[in-house]
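Below is coords_3.txt, holding compact mmCIF, C-alpha atoms.
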```txt
# COMPACT_ATOMS: atom_id res chain seq x y z
CA MET N 1 -43.95 25.16 -30.00
CA LYS N 2 -41.81 24.10 -27.05
CA LEU N 3 -38.74 26.30 -26.64
CA ARG N 4 -36.77 24.90 -23.71
CA THR N 5 -34.11 23.20 -25.82
CA LEU N 6 -33.25 24.47 -29.30
CA LEU N 7 -30.37 22.58 -30.90
CA PHE N 8 -28.30 24.10 -33.71
CA ALA N 9 -27.11 21.92 -36.59
CA PRO N 10 -24.77 23.16 -39.35
CA GLY N 11 -26.75 23.45 -42.55
CA ASP N 12 -23.91 22.08 -44.65
CA SER N 13 -23.52 18.72 -42.88
CA PRO N 14 -26.00 15.92 -43.67
CA ARG N 15 -24.53 13.80 -40.87
CA LYS N 16 -24.87 16.48 -38.20
CA ILE N 17 -28.35 17.42 -39.40
CA ALA N 18 -29.50 13.81 -39.12
CA LYS N 19 -27.93 13.49 -35.68
CA ALA N 20 -29.56 16.70 -34.46
CA LEU N 21 -32.99 15.73 -35.77
CA ALA N 22 -32.76 12.46 -33.83
CA ALA N 23 -31.43 14.04 -30.62
CA GLY N 24 -34.79 14.82 -29.00
CA ALA N 25 -34.54 18.60 -28.61
CA ASP N 26 -37.74 20.63 -28.50
CA GLY N 27 -36.62 22.24 -31.73
CA THR N 28 -33.81 21.74 -34.24
CA ILE N 29 -32.36 24.84 -35.91
CA LEU N 30 -30.80 24.16 -39.29
CA ASP N 31 -28.19 26.89 -39.50
CA LEU N 32 -27.24 28.80 -42.63
CA GLU N 33 -25.39 31.54 -40.77
CA ASP N 34 -22.37 31.21 -38.46
CA SER N 35 -21.70 27.50 -38.93
CA VAL N 36 -21.48 27.74 -42.74
CA GLY N 37 -18.59 29.44 -44.53
CA ALA N 38 -19.16 31.86 -47.39
CA ALA N 39 -18.15 29.33 -50.04
CA GLY N 40 -20.69 26.81 -48.77
CA LYS N 41 -23.75 29.05 -48.40
CA ASP N 42 -25.51 28.02 -51.62
CA ALA N 43 -24.96 24.30 -51.09
CA ALA N 44 -26.12 24.53 -47.48
CA ARG N 45 -29.27 26.35 -48.53
CA ASP N 46 -30.08 23.59 -51.02
CA LEU N 47 -29.37 20.87 -48.45
CA VAL N 48 -31.60 22.45 -45.81
CA ALA N 49 -34.43 22.88 -48.31
CA ALA N 50 -34.12 19.26 -49.43
CA THR N 51 -34.02 18.07 -45.81
CA LEU N 52 -37.27 19.81 -44.91
CA ALA N 53 -38.92 18.60 -48.09
CA GLY N 54 -38.46 15.06 -46.82
CA LEU N 55 -39.75 15.70 -43.30
CA ASP N 56 -43.19 15.79 -41.73
CA ARG N 57 -42.34 17.64 -38.52
CA ASP N 58 -43.35 20.88 -36.82
CA ASP N 59 -40.21 21.33 -34.70
CA VAL N 60 -37.63 22.37 -37.30
CA LEU N 61 -36.44 25.98 -37.58
CA ILE N 62 -34.08 27.62 -40.05
CA ARG N 63 -31.58 30.32 -39.14
CA ILE N 64 -31.03 32.46 -42.20
CA ASN N 65 -28.26 34.99 -42.72
CA ALA N 66 -28.68 38.56 -41.48
CA ARG N 67 -30.43 41.25 -43.53
CA THR N 68 -27.12 43.02 -44.18
CA THR N 69 -25.57 40.01 -45.95
CA PRO N 70 -25.73 39.07 -49.65
CA TRP N 71 -27.30 35.69 -48.79
CA HIS N 72 -30.29 36.96 -46.84
CA LEU N 73 -32.93 37.15 -49.57
CA ALA N 74 -32.02 33.82 -51.17
CA ASP N 75 -32.05 32.20 -47.72
CA LEU N 76 -35.43 33.71 -46.95
CA ALA N 77 -37.03 32.62 -50.22
CA ALA N 78 -35.78 29.06 -49.79
CA ALA N 79 -36.70 28.95 -46.11
CA VAL N 80 -40.30 30.05 -46.61
CA LYS N 81 -40.77 27.55 -49.42
CA ALA N 82 -39.47 24.81 -47.09
CA ARG N 83 -42.16 25.71 -44.49
CA PRO N 84 -40.21 25.49 -41.23
CA ALA N 85 -41.90 26.05 -37.88
CA ALA N 86 -39.98 29.30 -37.56
CA ILE N 87 -37.30 31.42 -39.15
CA VAL N 88 -34.50 32.51 -36.83
CA LEU N 89 -33.30 36.02 -37.70
CA PRO N 90 -29.78 36.83 -36.51
CA LYS N 91 -28.55 40.32 -35.70
CA CYS N 92 -32.04 41.80 -35.66
CA ALA N 93 -31.42 45.54 -35.36
CA GLY N 94 -34.86 46.49 -34.05
CA PRO N 95 -38.61 46.33 -34.61
CA ALA N 96 -38.29 47.52 -38.22
CA ASP N 97 -36.27 44.42 -39.11
CA LEU N 98 -38.96 42.20 -37.59
CA SER N 99 -41.74 44.06 -39.40
CA ILE N 100 -39.94 43.85 -42.75
CA LEU N 101 -39.33 40.13 -42.32
CA ASP N 102 -42.98 39.58 -41.41
CA HIS N 103 -44.13 41.30 -44.61
CA GLN N 104 -41.57 39.46 -46.73
CA ILE N 105 -42.69 36.10 -45.37
CA SER N 106 -46.33 37.01 -46.03
CA ALA N 107 -45.54 37.96 -49.63
CA LEU N 108 -43.64 34.72 -50.19
CA GLU N 109 -46.45 32.68 -48.66
CA VAL N 110 -48.82 34.20 -51.21
CA ALA N 111 -46.35 33.61 -54.04
CA TYR N 112 -45.92 29.95 -53.05
CA GLY N 113 -49.61 29.37 -52.33
CA LEU N 114 -48.92 28.57 -48.67
CA PRO N 115 -51.24 29.14 -45.68
CA GLN N 116 -50.80 32.60 -44.20
CA GLY N 117 -49.15 33.18 -40.85
CA ARG N 118 -47.96 29.69 -39.96
CA ILE N 119 -44.24 30.45 -40.04
CA ALA N 120 -43.10 32.07 -36.81
CA ILE N 121 -40.13 34.38 -36.30
CA LEU N 122 -37.50 34.03 -33.58
CA PRO N 123 -35.11 37.01 -33.71
CA LEU N 124 -31.78 37.33 -31.95
CA VAL N 125 -32.24 40.87 -30.70
CA THR N 126 -29.11 41.77 -28.71
CA GLU N 127 -26.23 40.64 -30.93
CA THR N 128 -25.03 44.18 -31.75
CA ALA N 129 -24.54 47.33 -29.72
CA ALA N 130 -26.90 49.20 -32.05
CA SER N 131 -29.72 46.73 -31.40
CA ILE N 132 -29.74 47.62 -27.70
CA HIS N 133 -31.38 50.94 -28.61
CA GLY N 134 -34.40 49.32 -30.30
CA LEU N 135 -35.92 46.63 -28.11
CA ASP N 136 -39.61 47.55 -28.08
CA TYR N 137 -41.20 44.63 -29.93
CA ARG N 138 -44.69 45.03 -28.49
CA GLY N 139 -47.34 44.46 -31.14
CA VAL N 140 -44.90 44.45 -34.05
CA SER N 141 -45.71 41.01 -35.47
CA SER N 142 -48.09 38.19 -34.63
CA ARG N 143 -45.38 35.82 -35.90
CA LEU N 144 -43.06 36.70 -33.01
CA VAL N 145 -42.59 33.55 -30.92
CA ALA N 146 -39.69 34.59 -28.63
CA LEU N 147 -36.74 36.96 -28.30
CA ALA N 148 -33.25 35.50 -28.06
CA PHE N 149 -29.95 36.61 -26.56
CA GLY N 150 -26.61 36.01 -28.28
CA ALA N 151 -23.61 36.55 -26.00
CA GLU N 152 -20.83 35.77 -28.46
CA ASP N 153 -21.90 38.27 -31.12
CA ILE N 154 -22.57 41.18 -28.77
CA ALA N 155 -19.20 40.53 -27.12
CA GLY N 156 -17.54 40.51 -30.53
CA ASP N 157 -19.21 43.78 -31.46
CA LEU N 158 -17.96 45.32 -28.22
CA GLY N 159 -14.48 43.85 -28.60
CA VAL N 160 -14.60 42.04 -25.25
CA ALA N 161 -14.64 38.43 -24.10
CA PRO N 162 -18.20 37.25 -23.36
CA ARG N 163 -17.10 35.65 -20.09
CA ASN N 164 -14.34 36.47 -17.62
CA GLY N 165 -11.81 34.06 -16.13
CA ALA N 166 -14.39 32.78 -13.65
CA GLY N 167 -16.78 31.90 -16.46
CA LEU N 168 -19.17 34.76 -15.67
CA TYR N 169 -20.49 37.25 -18.21
CA SER N 170 -18.68 40.55 -18.53
CA ALA N 171 -20.70 43.57 -17.37
CA PRO N 172 -21.84 44.86 -20.81
CA VAL N 173 -22.79 41.37 -21.96
CA MET N 174 -24.74 40.85 -18.74
CA GLN N 175 -26.60 44.10 -19.42
CA ALA N 176 -27.56 42.91 -22.92
CA ARG N 177 -28.77 39.63 -21.41
CA ALA N 178 -30.97 41.45 -18.91
CA MET N 179 -32.36 43.74 -21.60
CA THR N 180 -33.31 40.75 -23.74
CA LEU N 181 -35.29 39.30 -20.87
CA LEU N 182 -37.02 42.61 -20.13
CA ALA N 183 -37.85 43.19 -23.81
CA ALA N 184 -39.34 39.71 -24.13
CA THR N 185 -41.45 40.17 -21.02
CA ALA N 186 -42.72 43.52 -22.30
CA ALA N 187 -43.58 41.94 -25.67
CA GLY N 188 -45.38 39.05 -23.98
CA VAL N 189 -43.14 36.32 -25.41
CA PRO N 190 -40.53 33.96 -23.93
CA ALA N 191 -36.84 34.83 -23.74
CA ILE N 192 -34.26 32.31 -25.00
CA ASP N 193 -30.76 32.26 -23.53
CA THR N 194 -27.49 32.11 -25.46
CA PRO N 195 -25.76 28.75 -25.95
CA PHE N 196 -23.10 27.54 -23.53
CA THR N 197 -20.10 27.21 -25.79
CA ASP N 198 -18.10 24.42 -24.09
CA PRO N 199 -19.89 21.07 -24.53
CA ARG N 200 -17.26 19.40 -22.31
CA ASP N 201 -18.09 21.50 -19.24
CA ALA N 202 -21.22 19.83 -17.85
CA ALA N 203 -21.02 21.66 -14.52
CA GLY N 204 -20.71 25.03 -16.22
CA LEU N 205 -23.68 24.30 -18.46
CA ASP N 206 -25.81 23.22 -15.51
CA ARG N 207 -24.88 26.35 -13.57
CA GLU N 208 -25.60 28.71 -16.47
CA ALA N 209 -28.86 27.01 -17.49
CA ARG N 210 -30.22 27.02 -13.94
CA ALA N 211 -29.28 30.68 -13.52
CA ALA N 212 -31.11 31.52 -16.76
CA ALA N 213 -34.21 29.65 -15.61
CA GLU N 214 -34.14 31.39 -12.23
CA ASP N 215 -33.82 34.78 -13.92
CA GLY N 216 -36.89 34.16 -16.07
CA PHE N 217 -35.63 32.78 -19.37
CA SER N 218 -37.82 30.04 -20.83
CA GLY N 219 -35.22 28.07 -22.75
CA LYS N 220 -31.66 27.92 -24.02
CA PHE N 221 -29.93 27.31 -27.31
CA CYS N 222 -27.81 24.14 -27.46
CA ILE N 223 -24.83 23.43 -29.69
CA HIS N 224 -24.37 19.72 -28.89
CA PRO N 225 -26.87 16.90 -28.29
CA ASP N 226 -25.31 16.21 -24.88
CA GLN N 227 -26.54 19.62 -23.72
CA ILE N 228 -30.22 18.83 -24.29
CA ASP N 229 -31.06 16.85 -21.15
CA PRO N 230 -29.27 19.19 -18.68
CA VAL N 231 -30.96 22.22 -20.24
CA ARG N 232 -34.35 20.51 -20.23
CA ARG N 233 -33.98 19.69 -16.53
CA ALA N 234 -32.99 23.27 -15.71
CA PHE N 235 -36.10 24.68 -17.38
CA THR N 236 -38.56 22.11 -16.02
CA PRO N 237 -39.95 22.98 -12.55
CA GLY N 238 -39.51 20.41 -9.79
CA PRO N 239 -42.38 18.80 -7.82
CA GLU N 240 -42.25 21.30 -4.94
CA ARG N 241 -42.36 24.26 -7.31
CA ILE N 242 -45.30 22.77 -9.19
CA ALA N 243 -47.17 22.02 -5.95
CA TRP N 244 -46.71 25.62 -4.80
CA ALA N 245 -47.96 26.97 -8.14
CA ARG N 246 -51.03 24.77 -8.03
CA ALA N 247 -51.77 25.86 -4.47
CA VAL N 248 -51.54 29.53 -5.49
CA ARG N 249 -53.77 28.97 -8.51
CA ASP N 250 -56.34 27.07 -6.47
CA ALA N 251 -56.34 29.67 -3.70
CA PHE N 252 -57.21 32.47 -6.10
CA ALA N 253 -59.73 30.28 -7.93
CA ALA N 254 -61.51 29.76 -4.60
CA SER N 255 -61.46 33.51 -3.84
CA PRO N 256 -61.61 35.23 -7.24
CA ASP N 257 -62.42 38.67 -5.82
CA ALA N 258 -59.51 38.73 -3.37
CA GLY N 259 -56.54 40.98 -4.03
CA VAL N 260 -54.37 39.46 -1.31
CA LEU N 261 -54.48 35.99 0.25
CA THR N 262 -52.45 34.01 2.74
CA LEU N 263 -50.87 30.69 1.79
CA ASP N 264 -48.88 28.69 4.35
CA GLY N 265 -48.64 31.81 6.47
CA ARG N 266 -47.29 34.02 3.68
CA MET N 267 -48.99 36.76 1.73
CA ILE N 268 -49.68 36.11 -1.95
CA GLU N 269 -51.05 38.55 -4.52
CA ALA N 270 -51.50 38.98 -8.25
CA MET N 271 -47.79 38.76 -9.07
CA HIS N 272 -47.62 35.36 -7.35
CA LEU N 273 -50.56 34.18 -9.45
CA ARG N 274 -48.79 35.27 -12.64
CA LEU N 275 -45.69 33.40 -11.52
CA ALA N 276 -47.78 30.33 -10.72
CA HIS N 277 -49.29 30.34 -14.21
CA LYS N 278 -45.79 30.58 -15.74
CA ILE N 279 -44.52 27.68 -13.62
CA LEU N 280 -47.48 25.51 -14.58
CA ALA N 281 -46.99 26.36 -18.25
CA GLN N 282 -43.34 25.34 -17.95
CA ALA N 283 -44.40 22.12 -16.25
CA ASP N 284 -46.78 21.37 -19.12
CA ALA N 285 -43.97 22.06 -21.60
CA GLY N 286 -41.77 19.70 -19.63
CA ASP N 287 -44.26 16.86 -19.97
CA ASP N 288 -42.98 15.17 -23.11
CA SER N 289 -46.03 12.95 -23.19
CA ALA N 290 -48.19 16.01 -23.84
```

Can you dump the structure from the file as structure tokens?
Amino acid sequence: MKLRTLLFAPGDSPRKIAKALAAGADGTILDLEDSVGAAGKDAARDLVAATLAGLDRDDVLIRINARTTPWHLADLAAAVKARPAAIVLPKCAGPADLSILDHQISALEVAYGLPQGRIAILPLVTETAASIHGLDYRGVSSRLVALAFGAEDIAGDLGVAPRNGAGLYSAPVMQARAMTLLAATAAGVPAIDTPFTDPRDAAGLDREARAAAEDGFSGKFCIHPDQIDPVRRAFTPGPERIAWARAVRDAFAASPDAGVLTLDGRMIEAMHLRLAHKILAQADAGDDSA
């Protein structure tokens, strides 16, 4: 599953769902959580289930409501039956939440007669202050496809604005962002950045997406179709970067027993090879003909 551009669509709007599905994002997230009011939860759940029943696609995800809400179990049962590519779990409080969800999905797959293990899980792992204390997701679930950062919710939990007057993250939000990236790296999965909340600010989106890519994130949530192409460009390596990565890969392939090599007069070692592999994987993900 490509994860550079993940576009949210409100689960209670047939028009916006149709528009999102046609927008060309790597993945479309049909949202039952923040974008749907309490009175519309049941209708949205039915609409999302009916939408997936009429699709033959492997790039549609469903964000269910958090475990602490009264809608969680009904969302989960409907979502598994609809067979999305992944279930997005908001406000994941730690590895126990992921493990519980994994087992619940497995039980529902058996109940519905579905193949085991095909539905992935994408948790938002730093949306609450409490979640910061439980970020070791190594080996918890084979369904884990990425870890995601949510700036707005963690800021709300802290009672602060997510960004200051200059448009930069506040210090505690920036710490949560960094911890998401480190936790994902430790777990061996990609990290997904929070959405940029002003679709009108193209320059701000470009700046934030490029910064996320430079820091090591693999993709970014989008909240408007116009954000897809700028985010895709930010997370797709340019020709010079790809050429460097290929040169590093080829140098180590030619000298497999070497610990340190020289490339264009500069020392390269194992960490450069790991970076080269990541760049080439991103380049492959950026090839939409693949």

For Ala251 in chain N, the nearest of the candidates N:Leu273, N:Arg266, N:Ser35, N:Ala191, counting all atoms listed in the file:
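Among N:Leu273, N:Arg266, N:Ser35, N:Ala191, it is N:Leu273 that comes nearest to Ala251 in chain N.
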
Within 12 Å of range 121-136 of chain N, which residues of range 31-71 of chain N come that close, and what is the closest atom pair and distance in Å for each? Count all atoms listed in the file and give it as JSON lines.
```
{"residue": "N:Leu61", "atom": "CA", "partner": "N:Leu122", "partner_atom": "CA", "distance": 9.1}
{"residue": "N:Ile62", "atom": "CA", "partner": "N:Leu122", "partner_atom": "CA", "distance": 9.7}
{"residue": "N:Arg63", "atom": "CA", "partner": "N:Leu122", "partner_atom": "CA", "distance": 8.9}
{"residue": "N:Ile64", "atom": "CA", "partner": "N:Pro123", "partner_atom": "CA", "distance": 10.5}
{"residue": "N:Asn65", "atom": "CA", "partner": "N:Pro123", "partner_atom": "CA", "distance": 11.5}
{"residue": "N:Ala66", "atom": "CA", "partner": "N:Leu124", "partner_atom": "CA", "distance": 10.1}
{"residue": "N:Arg67", "atom": "CA", "partner": "N:Pro123", "partner_atom": "CA", "distance": 11.7}
```

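Comparing N:Arg249, N:Arg210, N:Arg118, N:Lys220 by their smallest distance to Phe196 in chain N, the closest is N:Lys220 (using all atoms listed in the file).
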
Point out the residue among N:Ile279, N:Ala209, N:Ala50, N:Leu6 with the least atom-to-atom distance to Cys222 in chain N, counting only C-alpha atoms.
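Counting only C-alpha atoms, the residue closest to Cys222 in chain N is N:Leu6.
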
So what do you get for CA of Gly167 in chain N versus CA of Ala9 in chain N, distance-wise?
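Going from CA of Gly167 in chain N over to CA of Ala9 in chain N, I get 24.7 Å.
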
As a PyMOL selection string, please: the residues near Arg177 in chain N (cut-off 12 Å, all atoms listed in the file, same-chain neighbours under 4 positions excluded).
chain N and resi 124-128+132+147-155+162+169-173+181-184+191-194+211-212+215-217

Around the point (-34.6, 18.5, -44.1) (coordinates from the file), which residues reach within 12 Å if we count all atoms listed in the file? Answer as a PyMOL selection string.
chain N and resi 9-21+28-31+44-62+79+82-84

Expressed in Å to a single decimal, how great is the separation between CA of Pro95 in chain N and CA of Pro115 in chain N?
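CA of Pro95 in chain N sits 24.0 Å away from CA of Pro115 in chain N.
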
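If only C-alpha atoms are the atoms counted, then among N:Asp157, N:Asp26, N:Glu109, N:Asp75 the closest residue to Met1 in chain N is N:Asp26.
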
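Each of N:Ala234, N:Val145, N:Ala86, N:Ile268 was checked against Gly27 in chain N using all atoms listed in the file; the smallest atom-to-atom distance is that of N:Ala86.
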